[in-house]
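Participant: Just dropping this structure here.
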Amino acid sequence: MSRFIRYFSWFVRVTLTTAVFLLAAFVVLLCITQVPLPAWVIDRIVERLSTPSAILSVQTASLGFKQGLALGDVQFRMNLTTNDLFVRADAIYMDMAIRPGKTWVEWIDGVRVIRPDASFEPGALPSTQGEAFGDLLSHIHITRVSIALEEPQFVGIKPEKVLADLAYKENMIYFDNCRAEWPGGEYVVGSFSMDPLATEVSLKLGGYASQQYIRPVLVLINDQTVLHYCDNITSPTIPLKIDCDISIMPQLETYKFNIIGQGLSWRGLPVDDVLCGISAENQVDRGIWRVVIDPLRGTTPAGNAEGTIIYNEEGDELHIVAKSAMLATNLFEMIEVLHTGELEHIEVRGIPELTIRGVVGDEWDSDVPSNLDGTIKTPDVTIYGLPLVDATAKMSIRDNLMVLFDQVDAGFKSGGRLGGNFKMDLTESLVSIPFETSAVFSNAYFNDLAAPFSRTNSWQGRMAGEVALSGNLVSNVIHSLKGGGKITLKDSVIARVPLFAGFTDFLARNVPGVETLVNQSDASLVFRMKNGIFHIDDFLLEGSFFSISGKGKYNMELDMLEATARVNIFRRGSFAGLTSRIITAPFDRLLMEFKVTGPLDDPAWNYRGIISRIVDGVSGSSVPVQQGEQKKKVITE
């Protein structure tokens, strides 16, 4: 009996010594390396954490004091009704502490995840098993677990690292004190929560990030219009202050962003300050997005602009409301309306005020028409060479690029007023740019009206009239013009007009001293225009001593005038003029008639009529009319 007791005691000592030695060896082994876990343990972990709607996959697992529980090549997929959340990582390391009486999940103090990659995939798991995942975690209460993600990627978002505190309570998963960091000191902080039972996700973030880091978040909206405007933020790359609120529920997805930036560049245009709010909603059952960009305000060196942009995927329409006090060309460039050269003949000086609202056609979908309405007020503008000041107009764009400026009210640069409308068709399929315009002007200086035709020194005096023209804004605009109108001129100086140089020279040579009587003149003109040719139906010029009536045509392209002018001594409306017309009526076609031909600034006035013999006999002169350096023979009959 004593011998048995002795052997048993020896066996117990050896066993305990061996156990202690093995335990010590195992502890040492755990301290210096990771001990691989057998497959059945891995399967047990995966089975414990997986449900039909939340599947976990682990390829390798090991345990050690240095890195804790290490899982290799981990994949997790959770059903979110329409799109499943798919997460994978190269490795997960869990810092653990033994807590008797607690589930092993509650032993975890920290988790370090290496190169996690998360994305939304098409739904493939059952959508009615969320309860099972909730039941699995219902008996677990996690107060705080430190999470560190190294080189993570979530739907294209790639910060250097992410830190957060994980908590699980009341069937809700919380990530608090989240912080994501990018190179250069850019970061965002916020919180994330998930309700596994209701398959709902909520994310709130705020911080500083540049456009390249914000863009992947906008990809979630799956709207090319929003991405297109985001891509308009060009160099330099400067961090933006952002706030983000994302909510994903089974029936509704909502994304909200507020962006504040300074020192940016939009489509190459410098922007000092910008404020942009983006709100996007997706009705999951219908798959229809509605995106609102509001507020949208920017301050640039050229002025300020603000607006609202609304995109409805259901109608594939982009609605826009804009108001600006900046250069029109810059505004249209920023909002991509009339920014491809259509305004190259419009020069705006000063800061105009514009308002615009309506539907903008998608650039990559020409089937969607642009229909916009607005107003414009500009202090100084030149339109196709016509100088205007204090101009106001209503503007509309129909069917993509049918542009109308209506109810135009403007002053000429030198004085006088202009009213009317202007319409042009900028449809890309058209070779030319058809236009129509009608105008009523009063008390305007001739120099201003003649500026589009590069004739700024021909006439003096004030003009009024009505004009209606149409044509094509192509390389040969003049040839395409057609229409007509009526023009009157007051207080001109006929002696200074190159057009009448031949006539005044004729009078000066043949009627000495008469040049002092022809200083002031009034004129009226009725014309028709076709193929670049003015057809003059009724021209009347009245000076202090005479009146001239005539008709003919003027070819603008060739600068060639062909007209017949008849001169009557005394003004048409005077008593002497009326008397002379009654007396000379039978001889009207024989009195003071001229054939006027040549360029507008230097035409030849060839006298025709019996009166020339009388003049030559009285004055004893037969010297032909001389204009500048050119001599022209006076034709007598």
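Chain lettering (A, B, ...) mirrors the order of the structure tokens, residue numbering begins at 1 for each chain separately, and ligand numbering begins at 1 in order of display.
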Can you list, as a ChimeraX atom specification, all residues belonging to region 274-330 of chain A that DSSP tags as strand (DSSP E)?
Facilitator: /A:274-283,288-300,303-312,317-326
Participant: Would you mind listing what lies within 9 Å of Gln262 (chain A) as an mmCIF file with N, CA and C atoms, in the first residue's frame, with only C-alpha atoms counted and same-chain residues fewer than 2 positions away left out?
Facilitator:
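That gives us part-v7.cif:
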```cif
data_model
loop_
_atom_site.group_PDB
_atom_site.id
_atom_site.type_symbol
_atom_site.label_atom_id
_atom_site.label_comp_id
_atom_site.auth_asym_id
_atom_site.auth_seq_id
_atom_site.Cartn_x
_atom_site.Cartn_y
_atom_site.Cartn_z
ATOM 1 N N ILE A 238 -6.426 71.900 -52.703
ATOM 2 C CA ILE A 238 -6.438 72.494 -51.367
ATOM 3 C C ILE A 238 -7.522 71.805 -50.545
ATOM 4 N N PRO A 239 -7.214 71.424 -49.297
ATOM 5 C CA PRO A 239 -8.231 70.756 -48.474
ATOM 6 C C PRO A 239 -9.489 71.593 -48.316
ATOM 7 N N LEU A 240 -10.624 70.923 -48.370
ATOM 8 C CA LEU A 240 -11.917 71.553 -48.160
ATOM 9 C C LEU A 240 -12.436 71.175 -46.785
ATOM 10 N N ILE A 260 -16.930 73.641 -47.633
ATOM 11 C CA ILE A 260 -16.451 75.022 -47.600
ATOM 12 C C ILE A 260 -15.000 75.016 -48.054
ATOM 13 N N LEU A 264 -9.627 77.991 -54.265
ATOM 14 C CA LEU A 264 -9.795 76.881 -55.189
ATOM 15 C C LEU A 264 -9.742 77.365 -56.633
ATOM 16 N N VAL A 271 -11.310 80.817 -57.494
ATOM 17 C CA VAL A 271 -12.427 81.040 -56.575
ATOM 18 C C VAL A 271 -11.847 81.298 -55.191
ATOM 19 N N ASP A 272 -12.123 82.481 -54.640
ATOM 20 C CA ASP A 272 -11.593 82.827 -53.318
ATOM 21 C C ASP A 272 -12.273 82.023 -52.221
ATOM 22 N N ASP A 273 -13.603 81.995 -52.248
ATOM 23 C CA ASP A 273 -14.371 81.269 -51.234
ATOM 24 C C ASP A 273 -15.525 80.555 -51.917
ATOM 25 N N VAL A 274 -15.860 79.362 -51.428
ATOM 26 C CA VAL A 274 -16.991 78.622 -51.976
ATOM 27 C C VAL A 274 -17.704 77.889 -50.846
#
```
Participant: Could you pull out all residues of region 188-429 of chain A with a DSSP call of alpha helix (DSSP H) and give them as number ranges by chain?
Facilitator: A: 211-219, 224-231, 328-335
Participant: Report as a ChimeraX atom specification all protein, DNA and RNA residues lying within 10 Å of Glu466 (chain A), evaluated on only C-alpha atoms, omitting residues in the same chain fewer than 3 positions from it.
Facilitator: /A:418-420,438-442,484-488,526
Participant: For a test of reading the model, state the distance in Å between CA of Leu561 (chain A) and CA of Phe534 (chain A), rounded to one decimal.
Facilitator: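 Rounded to one decimal, the two atoms are 9.2 Å apart.
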Participant: Pick from A:Lys256, A:Arg267, A:Arg566, A:Arg509: nearest to His228 (chain A), with only C-alpha atoms counted?
Facilitator: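 Between A:Lys256, A:Arg267, A:Arg566, A:Arg509, the residue approaching His228 (chain A) most closely is A:Arg267.
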Participant: Taking 6 positions as the minimum chain separation for residues in the same chain, which residues sit within 8 Å of region 173-190 of chain A when counting only C-alpha atoms? Answer as a list in words.
Facilitator: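 Using only C-alpha atoms, the neighbours found are Lys158, Pro159, Glu160, Lys161, Val162, Leu163, Ala164, Asp165, Leu166, Ala167, Pro196, Leu203, Lys204, Leu205, Gly206, Gly207, Tyr208, Ala209, Ser210 and Pro239 of chain A.
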Participant: Save the residues we just selected, N, CA and C atoms, as a tab-separated table (two decimals), in the first residue's frame?
Facilitator:
```
chain	number	residue	atom	x	y	z
A	158	LYS	N	-9.59	56.02	-49.51
A	158	LYS	CA	-8.35	55.37	-49.11
A	158	LYS	C	-7.52	56.25	-48.17
A	159	PRO	N	-7.90	56.36	-46.91
A	159	PRO	CA	-7.04	57.08	-45.96
A	159	PRO	C	-5.84	56.22	-45.58
A	160	GLU	N	-4.84	56.88	-44.97
A	160	GLU	CA	-3.68	56.13	-44.49
A	160	GLU	C	-4.05	55.22	-43.34
A	161	LYS	N	-4.85	55.73	-42.42
A	161	LYS	CA	-5.28	54.92	-41.28
A	161	LYS	C	-6.58	55.48	-40.72
A	162	VAL	N	-7.28	54.64	-39.99
A	162	VAL	CA	-8.54	55.01	-39.36
A	162	VAL	C	-8.52	54.48	-37.93
A	163	LEU	N	-8.87	55.35	-36.99
A	163	LEU	CA	-8.96	54.97	-35.59
A	163	LEU	C	-10.40	55.15	-35.12
A	164	ALA	N	-10.86	54.26	-34.23
A	164	ALA	CA	-12.23	54.37	-33.73
A	164	ALA	C	-12.37	53.55	-32.46
A	165	ASP	N	-13.45	53.83	-31.72
A	165	ASP	CA	-13.82	53.05	-30.54
A	165	ASP	C	-15.10	52.29	-30.86
A	166	LEU	N	-15.06	50.96	-30.71
A	166	LEU	CA	-16.21	50.11	-31.01
A	166	LEU	C	-16.97	49.81	-29.72
A	167	ALA	N	-18.29	49.94	-29.82
A	167	ALA	CA	-19.17	49.57	-28.70
A	167	ALA	C	-20.38	48.86	-29.26
A	196	PRO	N	-27.98	45.95	-37.01
A	196	PRO	CA	-28.04	44.71	-37.78
A	196	PRO	C	-29.45	44.18	-37.96
A	203	LEU	N	-23.77	57.33	-40.84
A	203	LEU	CA	-22.40	57.81	-40.78
A	203	LEU	C	-22.40	59.33	-40.72
A	204	LYS	N	-21.67	59.90	-39.77
A	204	LYS	CA	-21.52	61.35	-39.63
A	204	LYS	C	-20.04	61.66	-39.54
A	205	LEU	N	-19.58	62.57	-40.42
A	205	LEU	CA	-18.16	62.91	-40.46
A	205	LEU	C	-17.99	64.41	-40.65
A	206	GLY	N	-16.84	64.90	-40.25
A	206	GLY	CA	-16.49	66.30	-40.47
A	206	GLY	C	-14.99	66.45	-40.40
A	207	GLY	N	-14.46	67.39	-41.19
A	207	GLY	CA	-13.02	67.58	-41.18
A	207	GLY	C	-12.54	68.30	-42.41
A	208	TYR	N	-11.33	67.97	-42.85
A	208	TYR	CA	-10.71	68.62	-44.00
A	208	TYR	C	-10.18	67.56	-44.96
A	209	ALA	N	-10.62	67.66	-46.20
A	209	ALA	CA	-10.17	66.72	-47.22
A	209	ALA	C	-10.25	67.39	-48.58
A	210	SER	N	-9.36	67.04	-49.49
A	210	SER	CA	-9.36	67.63	-50.82
A	210	SER	C	-10.30	66.87	-51.74
A	239	PRO	N	-7.21	71.42	-49.30
A	239	PRO	CA	-8.23	70.76	-48.47
A	239	PRO	C	-9.49	71.59	-48.32
```
